[in-house]
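Undergrad: Just one file: data.cif, with mmCIF, C-alpha atoms and all ligand atoms.
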```cif
data_work
loop_
_atom_site.group_PDB
_atom_site.id
_atom_site.type_symbol
_atom_site.label_atom_id
_atom_site.label_comp_id
_atom_site.auth_asym_id
_atom_site.auth_seq_id
_atom_site.Cartn_x
_atom_site.Cartn_y
_atom_site.Cartn_z
ATOM 1 C CA MET A 9 -1.716 35.047 -10.886
ATOM 2 C CA ALA A 10 -2.094 33.808 -14.419
ATOM 3 C CA ILE A 11 -3.928 31.121 -16.312
ATOM 4 C CA ARG A 12 -1.409 28.825 -17.963
ATOM 5 C CA LYS A 13 -1.668 26.748 -21.140
ATOM 6 C CA ILE A 14 -2.459 23.070 -20.616
ATOM 7 C CA ALA A 15 -0.327 20.455 -22.400
ATOM 8 C CA SER A 16 -2.171 17.860 -24.496
ATOM 9 C CA ILE A 17 -1.375 14.161 -24.775
ATOM 10 C CA GLY A 18 1.519 13.698 -27.171
ATOM 11 C CA HIS A 19 3.606 16.473 -25.610
ATOM 12 C CA PRO A 20 6.732 14.888 -24.088
ATOM 13 C CA VAL A 21 6.426 16.904 -20.852
ATOM 14 C CA LEU A 22 3.476 14.686 -19.882
ATOM 15 C CA ARG A 23 5.750 11.623 -20.077
ATOM 16 C CA GLU A 24 8.585 12.947 -17.904
ATOM 17 C CA GLN A 25 9.326 11.856 -14.374
ATOM 18 C CA SER A 26 8.739 15.081 -12.430
ATOM 19 C CA ARG A 27 11.438 16.396 -10.134
ATOM 20 C CA ALA A 28 10.944 16.327 -6.355
ATOM 21 C CA LEU A 29 11.156 19.733 -4.645
ATOM 22 C CA SER A 30 13.344 20.665 -1.702
ATOM 23 C CA LEU A 31 11.764 22.743 1.057
ATOM 24 C CA GLU A 32 13.834 25.684 -0.125
ATOM 25 C CA ASP A 33 12.558 25.283 -3.716
ATOM 26 C CA LEU A 34 8.999 24.953 -2.479
ATOM 27 C CA ARG A 35 9.110 28.091 -0.345
ATOM 28 C CA SER A 36 10.685 30.257 -3.044
ATOM 29 C CA PRO A 37 8.488 33.070 -4.381
ATOM 30 C CA ASP A 38 8.690 31.565 -7.890
ATOM 31 C CA THR A 39 7.303 28.208 -6.770
ATOM 32 C CA GLN A 40 4.611 29.846 -4.632
ATOM 33 C CA ARG A 41 3.534 31.946 -7.631
ATOM 34 C CA PHE A 42 3.574 28.797 -9.763
ATOM 35 C CA ILE A 43 1.218 27.070 -7.312
ATOM 36 C CA ASP A 44 -1.172 30.055 -7.439
ATOM 37 C CA ASP A 45 -1.192 29.741 -11.249
ATOM 38 C CA LEU A 46 -1.742 25.977 -11.087
ATOM 39 C CA VAL A 47 -4.812 26.446 -8.873
ATOM 40 C CA GLU A 48 -6.164 29.279 -11.002
ATOM 41 C CA THR A 49 -5.682 27.244 -14.199
ATOM 42 C CA MET A 50 -7.414 24.210 -12.652
ATOM 43 C CA ARG A 51 -10.403 26.335 -11.625
ATOM 44 C CA ASP A 52 -10.603 28.101 -14.984
ATOM 45 C CA ALA A 53 -10.702 24.739 -16.819
ATOM 46 C CA ASN A 54 -13.191 23.168 -14.351
ATOM 47 C CA GLY A 55 -10.660 20.451 -13.528
ATOM 48 C CA ALA A 56 -11.058 18.274 -10.445
ATOM 49 C CA GLY A 57 -7.278 18.361 -10.262
ATOM 50 C CA LEU A 58 -4.251 19.559 -12.167
ATOM 51 C CA ALA A 59 -0.646 18.405 -11.982
ATOM 52 C CA ALA A 60 2.386 20.625 -12.635
ATOM 53 C CA PRO A 61 3.565 18.757 -15.777
ATOM 54 C CA GLN A 62 0.165 19.504 -17.340
ATOM 55 C CA VAL A 63 1.212 23.163 -17.388
ATOM 56 C CA TYR A 64 4.640 22.315 -18.853
ATOM 57 C CA THR A 65 6.470 22.247 -15.490
ATOM 58 C CA PRO A 66 7.730 18.791 -14.472
ATOM 59 C CA ILE A 67 7.937 19.255 -10.703
ATOM 60 C CA GLN A 68 6.146 17.118 -8.116
ATOM 61 C CA VAL A 69 3.214 19.389 -7.326
ATOM 62 C CA CYS A 70 -0.469 18.784 -7.945
ATOM 63 C CA ALA A 71 -3.713 20.437 -6.899
ATOM 64 C CA ILE A 72 -7.092 18.821 -6.262
ATOM 65 C CA GLU A 73 -10.400 20.570 -5.652
ATOM 66 C CA VAL A 74 -14.014 19.617 -6.275
ATOM 67 C CA ARG A 75 -16.797 22.150 -5.713
ATOM 68 C CA SER A 76 -19.977 20.915 -7.429
ATOM 69 C CA ASN A 77 -17.947 20.371 -10.574
ATOM 70 C CA PRO A 78 -19.938 20.509 -13.859
ATOM 71 C CA ARG A 79 -17.451 18.131 -15.544
ATOM 72 C CA TYR A 80 -17.879 15.587 -12.735
ATOM 73 C CA PRO A 81 -21.292 16.157 -11.101
ATOM 74 C CA TYR A 82 -21.145 12.841 -9.161
ATOM 75 C CA LYS A 83 -17.894 13.674 -7.385
ATOM 76 C CA PRO A 84 -18.124 14.547 -3.705
ATOM 77 C CA ASP A 85 -16.705 17.974 -2.813
ATOM 78 C CA VAL A 86 -13.016 18.076 -1.923
ATOM 79 C CA PRO A 87 -11.517 21.225 -0.393
ATOM 80 C CA LEU A 88 -8.529 22.736 -2.201
ATOM 81 C CA THR A 89 -5.551 20.463 -1.582
ATOM 82 C CA VAL A 90 -2.018 21.059 -2.836
ATOM 83 C CA LEU A 91 0.327 18.072 -2.641
ATOM 84 C CA VAL A 92 4.098 18.347 -2.959
ATOM 85 C CA ASN A 93 6.261 15.219 -3.493
ATOM 86 C CA PRO A 94 3.263 12.966 -2.756
ATOM 87 C CA VAL A 95 3.666 9.223 -2.179
ATOM 88 C CA ILE A 96 0.760 6.761 -2.275
ATOM 89 C CA GLN A 97 0.446 3.551 -0.332
ATOM 90 C CA VAL A 98 -2.445 1.332 -1.410
ATOM 91 C CA LEU A 99 -4.313 -0.007 1.636
ATOM 92 C CA THR A 100 -6.724 -2.490 0.087
ATOM 93 C CA ASP A 101 -6.875 -5.264 -2.507
ATOM 94 C CA GLU A 102 -10.264 -3.918 -3.609
ATOM 95 C CA ARG A 103 -10.524 -2.034 -6.892
ATOM 96 C CA PHE A 104 -13.299 -0.035 -8.504
ATOM 97 C CA ASP A 105 -13.976 1.010 -12.083
ATOM 98 C CA ASN A 106 -13.593 4.764 -12.411
ATOM 99 C CA TYR A 107 -14.698 6.552 -15.594
ATOM 100 C CA GLU A 108 -11.915 9.116 -15.917
ATOM 101 C CA GLY A 109 -11.229 12.130 -18.072
ATOM 102 C CA CYS A 110 -8.260 14.501 -18.179
ATOM 103 C CA LEU A 111 -7.705 18.103 -19.224
ATOM 104 C CA SER A 112 -4.655 16.873 -21.185
ATOM 105 C CA VAL A 113 -6.741 14.315 -23.115
ATOM 106 C CA PRO A 114 -9.442 16.434 -24.746
ATOM 107 C CA ASN A 115 -12.870 14.884 -25.201
ATOM 108 C CA LEU A 116 -12.063 11.325 -24.145
ATOM 109 C CA ARG A 117 -13.097 9.250 -21.160
ATOM 110 C CA GLY A 118 -12.387 5.657 -20.229
ATOM 111 C CA ILE A 119 -12.604 3.170 -17.388
ATOM 112 C CA VAL A 120 -9.591 2.851 -15.095
ATOM 113 C CA SER A 121 -9.229 0.438 -12.187
ATOM 114 C CA ARG A 122 -8.408 2.332 -8.961
ATOM 115 C CA ALA A 123 -7.879 1.458 -5.312
ATOM 116 C CA PRO A 124 -10.656 2.796 -3.070
ATOM 117 C CA GLU A 125 -8.446 3.223 0.001
ATOM 118 C CA ILE A 126 -4.991 4.814 -0.026
ATOM 119 C CA ARG A 127 -2.622 6.568 2.330
ATOM 120 C CA VAL A 128 -1.002 9.724 0.993
ATOM 121 C CA THR A 129 2.104 11.298 2.479
ATOM 122 C CA ALA A 130 3.288 14.631 1.098
ATOM 123 C CA TRP A 131 3.944 18.238 2.007
ATOM 124 C CA ASP A 132 1.357 20.964 1.695
ATOM 125 C CA ARG A 133 2.285 24.151 -0.170
ATOM 126 C CA GLU A 134 4.013 25.574 2.910
ATOM 127 C CA GLY A 135 6.051 22.401 3.448
ATOM 128 C CA ALA A 136 4.025 21.098 6.399
ATOM 129 C CA PRO A 137 3.705 17.308 6.433
ATOM 130 C CA VAL A 138 0.516 15.742 5.095
ATOM 131 C CA ASP A 139 -0.374 12.165 6.051
ATOM 132 C CA LYS A 140 -3.932 11.084 5.408
ATOM 133 C CA ILE A 141 -6.152 8.222 4.362
ATOM 134 C CA ILE A 142 -8.278 8.911 1.286
ATOM 135 C CA ARG A 143 -11.207 6.699 0.380
ATOM 136 C CA GLY A 144 -13.756 6.092 -2.350
ATOM 137 C CA LEU A 145 -14.086 8.103 -5.539
ATOM 138 C CA THR A 146 -11.782 10.790 -4.135
ATOM 139 C CA ALA A 147 -9.005 8.193 -3.878
ATOM 140 C CA GLY A 148 -9.341 7.749 -7.663
ATOM 141 C CA THR A 149 -8.846 11.487 -8.196
ATOM 142 C CA TYR A 150 -5.685 11.426 -6.058
ATOM 143 C CA GLN A 151 -4.270 8.448 -7.967
ATOM 144 C CA HIS A 152 -4.998 10.139 -11.312
ATOM 145 C CA GLU A 153 -3.199 13.371 -10.338
ATOM 146 C CA ILE A 154 -0.210 11.679 -8.722
ATOM 147 C CA ASP A 155 0.182 9.434 -11.806
ATOM 148 C CA HIS A 156 0.833 12.633 -13.814
ATOM 149 C CA LEU A 157 3.917 13.309 -11.668
ATOM 150 C CA HIS A 158 5.383 10.021 -12.917
ATOM 151 C CA GLY A 159 4.578 10.473 -16.606
ATOM 152 C CA VAL A 160 1.462 8.285 -16.485
ATOM 153 C CA ILE A 161 -1.791 9.330 -18.198
ATOM 154 C CA PHE A 162 -5.119 7.622 -17.465
ATOM 155 C CA VAL A 163 -5.273 6.129 -20.961
ATOM 156 C CA ASP A 164 -2.218 3.989 -20.008
ATOM 157 C CA ARG A 165 -4.327 2.357 -17.326
ATOM 158 C CA VAL A 166 -7.577 1.888 -19.251
ATOM 159 C CA THR A 167 -8.301 -1.784 -18.744
ATOM 160 C CA ASP A 168 -10.579 -2.212 -21.761
ATOM 161 C CA PRO A 169 -9.995 0.223 -24.645
ATOM 162 C CA ARG A 170 -13.578 -0.413 -25.706
ATOM 163 C CA SER A 171 -14.663 1.723 -22.732
ATOM 164 C CA LEU A 172 -13.120 4.810 -24.407
ATOM 165 C CA CYS A 173 -15.715 7.388 -25.408
ATOM 166 C CA THR A 174 -16.227 11.063 -26.100
ATOM 167 C CA TRP A 175 -17.914 13.201 -23.459
ATOM 168 C CA THR A 176 -21.097 13.382 -25.553
ATOM 169 C CA GLU A 177 -21.318 9.603 -25.957
ATOM 170 C CA PHE A 178 -20.503 9.175 -22.269
ATOM 171 C CA GLU A 179 -23.520 11.310 -21.417
ATOM 172 C CA ARG A 180 -25.715 9.455 -23.912
ATOM 173 C CA HIS A 181 -24.738 5.873 -23.178
ATOM 174 C CA HIS A 182 -22.673 5.425 -20.014
ATOM 175 C CA GLN A 183 -23.393 8.238 -17.589
ATOM 176 C CA ALA A 184 -26.545 6.859 -15.965
ATOM 177 C CA ALA A 185 -25.012 3.459 -15.121
ATOM 178 C CA PHE A 186 -21.743 5.015 -13.958
ATOM 179 C CA PHE A 187 -23.475 7.616 -11.754
ATOM 180 C CA GLU A 188 -25.347 4.756 -10.101
ATOM 181 C CA ARG A 189 -22.095 2.884 -9.371
ATOM 182 C CA ALA A 190 -20.385 6.099 -8.250
ATOM 183 C CA ARG A 191 -23.207 6.866 -5.810
ATOM 184 C CA ALA A 192 -22.950 3.357 -4.338
ATOM 185 C CA LEU A 193 -19.189 3.719 -3.969
ATOM 186 C CA VAL A 194 -19.500 7.100 -2.257
ATOM 187 C CA ALA A 195 -22.180 5.703 0.045
ATOM 188 C CA HIS A 196 -19.922 2.782 0.973
ATOM 189 C CA TRP A 197 -16.664 4.702 1.487
ATOM 190 C CA GLY A 198 -18.080 8.056 2.578
ATOM 191 C CA SER A 199 -16.240 10.041 -0.100
HETATM 192 NI NI NI B 201 -5.257 14.317 -15.792
#
```
Rewrite the structure from the file as structure tokens, please.
TA:
Amino acid sequence: MAIRKIASIGHPVLREQSRALSLEDLRSPDTQRFIDDLVETMRDANGAGLAAPQVYTPIQVCAIEVRSNPRYPYKPDVPLTVLVNPVIQVLTDERFDNYEGCLSVPNLRGIVSRAPEIRVTAWDREGAPVDKIIRGLTAGTYQHEIDHLHGVIFVDRVTDPRSLCTWTEFERHHQAAFFERARALVAHWGS
């Protein structure tokens, strides 16, 4: 396993439409090694998720994991999840304001409107079908990672650019109010 370099906003790879994988591609030793690297890189950078194009590989694979994350202390834990060729179906007209950050957008956060209830269909890393309903704050994390597979970065979806802030100013001026809203959301949706 190896820790890979993470692409920063401005690199064209982050704007590509990632390629879907066949089962044969997915099960190849190269792709399995790639997935190990993706997970290791996500953990090393304290990401809540990491998508393949963020490590310069535009294929439809992303990883999500939250274990008392210091970057996102309000996020509920999510066990390691690898999604291959994921598709989202939005199940509600409700939206919530999510203060997002991204390993490919150093030192910037901003408010993005996300659906709090989605259905995700995909394969896991072995190619077994995944079909699950994801709710609450965790649904925002899924939408953020899957956006990367279609060349979309959270800044594209920031509804009010005046919400943009550095991590230090987030902590100073926005964190307390957002944590309160995040706790209420998690209490309502259970995740
Ligand atoms: Ni990101």
Undergrad: Counting only C-alpha atoms and all ligand atoms, which protein, DNA or RNA residues come within 7 Å of ligand NI 201 (chain B), given as a ChimeraX atom specification?
TA: /A:58,109-112,152-153,156,161-162
Undergrad: Take the residues just selected and output them with C-alpha atoms as a JSON list (two decimals), in the coordinates of the input.
TA:
```json
[["chain", "number", "residue", "atom", "x", "y", "z"],
["A", 58, "LEU", "CA", -4.25, 19.56, -12.17],
["A", 109, "GLY", "CA", -11.23, 12.13, -18.07],
["A", 110, "CYS", "CA", -8.26, 14.50, -18.18],
["A", 111, "LEU", "CA", -7.70, 18.10, -19.22],
["A", 112, "SER", "CA", -4.66, 16.87, -21.18],
["A", 152, "HIS", "CA", -5.00, 10.14, -11.31],
["A", 153, "GLU", "CA", -3.20, 13.37, -10.34],
["A", 156, "HIS", "CA", 0.83, 12.63, -13.81],
["A", 161, "ILE", "CA", -1.79, 9.33, -18.20],
["A", 162, "PHE", "CA", -5.12, 7.62, -17.46]]
```
Undergrad: Looking at A:Val163, A:Leu22, A:Val47, A:Ala28, which one is nearest to Glu108 in chain A, with distances taken over all atoms listed in the file?
TA: A:Val163
Undergrad: Distance CA of Asp38 in chain A-CA of Asp155 in chain A, one decimal place?
TA: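 The value is 24.0 Å.
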Undergrad: What are the closest atom pairs, with distances in Å to one decimal, for each residue of range 44-81 of chain A lying within 12 Å of range 120-131 of chain A, using all atoms listed in the file, rows by chain and rising residue number, as a tab-separated table?
TA:
```
residue	atom	partner	partner_atom	distance
A:Gln68	CA	A:Ala130	CA	10.0
A:Val69	CA	A:Trp131	CA	9.4
A:Cys70	CA	A:Ala130	CA	10.6
A:Ala71	CA	A:Trp131	CA	11.9
```
Undergrad: Just checking: using all atoms listed in the file, which residue out of A:Asn106, A:Asn77, A:Asn115, A:Ser171 ends up closest to Gly57 in chain A?
TA: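 For Gly57 in chain A, the nearest of the given residues is A:Asn77.
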Undergrad: Would you mind telling me which residue in A:Thr146, A:Thr174, A:Asn54, A:Ser30 lies nearest to Ser76 in chain A when using only C-alpha atoms?
TA: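 Looking at the shortest contact to Ser76 in chain A, the residue is A:Asn54.
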Undergrad: Using only C-alpha atoms, pick whichever of A:Arg51, A:Ile14, A:Tyr80, A:Phe104 has the shortest atom-to-atom distance to Tyr64 in chain A.
TA: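 Nearest to Tyr64 in chain A: A:Ile14.
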Undergrad: Excluding Pro78 in chain A and any residue of its chain fewer than 5 positions from it, enumerate the residues within 12 Å of it, using all atoms listed in the file, and give them as a list in words.
TA: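 Near neighbours after the sequence-gap exclusion: Arg51, Ala53, Asn54, Gly55, Ala56, Lys83, Pro84 and Asp85 of chain A.
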Undergrad: Quick one: pull the distance between CA of Glu73 in chain A and CA of Arg189 in chain A, Å, one decimal.
TA: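 Calculated distance between CA of Glu73 in chain A and CA of Arg189 in chain A is 21.5 Å.
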Undergrad: If you count all atoms listed in the file, which residues fall within 12 Å of Arg191 in chain A, apart from same-chain ones fewer than 2 positions away, as a list in words?
TA: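 Everything that qualifies: Pro81, Tyr82, Lys83, Pro84, Asn106, Gly144, Leu145, Gln183, Ala184, Ala185, Phe186, Phe187, Glu188, Arg189, Leu193, Val194, Ala195, His196, Trp197, Gly198 and Ser199 of chain A.
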Undergrad: Would you mind exporting the chosen residues as a short mmCIF file (atom, residue, chain, number, x, y, z; two decimals), in the frame of the given file, restricted to C-alpha atoms?
TA:
```cif
data_model
loop_
_atom_site.label_atom_id
_atom_site.label_comp_id
_atom_site.auth_asym_id
_atom_site.auth_seq_id
_atom_site.Cartn_x
_atom_site.Cartn_y
_atom_site.Cartn_z
CA PRO A 81 -21.29 16.16 -11.10
CA TYR A 82 -21.14 12.84 -9.16
CA LYS A 83 -17.89 13.67 -7.38
CA PRO A 84 -18.12 14.55 -3.70
CA ASN A 106 -13.59 4.76 -12.41
CA GLY A 144 -13.76 6.09 -2.35
CA LEU A 145 -14.09 8.10 -5.54
CA GLN A 183 -23.39 8.24 -17.59
CA ALA A 184 -26.54 6.86 -15.96
CA ALA A 185 -25.01 3.46 -15.12
CA PHE A 186 -21.74 5.01 -13.96
CA PHE A 187 -23.48 7.62 -11.75
CA GLU A 188 -25.35 4.76 -10.10
CA ARG A 189 -22.10 2.88 -9.37
CA LEU A 193 -19.19 3.72 -3.97
CA VAL A 194 -19.50 7.10 -2.26
CA ALA A 195 -22.18 5.70 0.04
CA HIS A 196 -19.92 2.78 0.97
CA TRP A 197 -16.66 4.70 1.49
CA GLY A 198 -18.08 8.06 2.58
CA SER A 199 -16.24 10.04 -0.10
#
```
Undergrad: Tell me which of A:Gln151, A:Thr176, A:Gln62, A:Asn93 sits closest to His19 in chain A, counting only C-alpha atoms.
TA: A:Gln62
Undergrad: Can you report as lines of an AutoDock Vina configuration file the centre and edge lengths in Å, to one decimal, of an axis-aligned box around the listed atoms of range 28-38 of chain A padded with 3 Å on each side?
TA:
```
center_x = 11.2
center_y = 24.7
center_z = -3.4
size_x = 11.3
size_y = 22.7
size_z = 14.9
```
Undergrad: Counting all atoms listed in the file, find the residues whose atoms lie at most 10 Å from (5.9, 15.4, -22.4) (file coordinates) and write them out as a PDB file with C-alpha atoms, in the coordinates of the input.
TA:
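Printed below is selection17.pdb as written:
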```pdb
ATOM      1  CA  ALA A  15      -0.327  20.455 -22.400  1.00  0.00           C
ATOM      2  CA  SER A  16      -2.171  17.860 -24.496  1.00  0.00           C
ATOM      3  CA  ILE A  17      -1.375  14.161 -24.775  1.00  0.00           C
ATOM      4  CA  GLY A  18       1.519  13.698 -27.171  1.00  0.00           C
ATOM      5  CA  HIS A  19       3.606  16.473 -25.610  1.00  0.00           C
ATOM      6  CA  PRO A  20       6.732  14.888 -24.088  1.00  0.00           C
ATOM      7  CA  VAL A  21       6.426  16.904 -20.852  1.00  0.00           C
ATOM      8  CA  LEU A  22       3.476  14.686 -19.882  1.00  0.00           C
ATOM      9  CA  ARG A  23       5.750  11.623 -20.077  1.00  0.00           C
ATOM     10  CA  GLU A  24       8.585  12.947 -17.904  1.00  0.00           C
ATOM     11  CA  GLN A  25       9.326  11.856 -14.374  1.00  0.00           C
ATOM     12  CA  PRO A  61       3.565  18.757 -15.777  1.00  0.00           C
ATOM     13  CA  GLN A  62       0.165  19.504 -17.340  1.00  0.00           C
ATOM     14  CA  TYR A  64       4.640  22.315 -18.853  1.00  0.00           C
ATOM     15  CA  THR A  65       6.470  22.247 -15.490  1.00  0.00           C
ATOM     16  CA  PRO A  66       7.730  18.791 -14.472  1.00  0.00           C
ATOM     17  CA  GLY A 159       4.578  10.473 -16.606  1.00  0.00           C
TER      18      GLY A 159
END
```
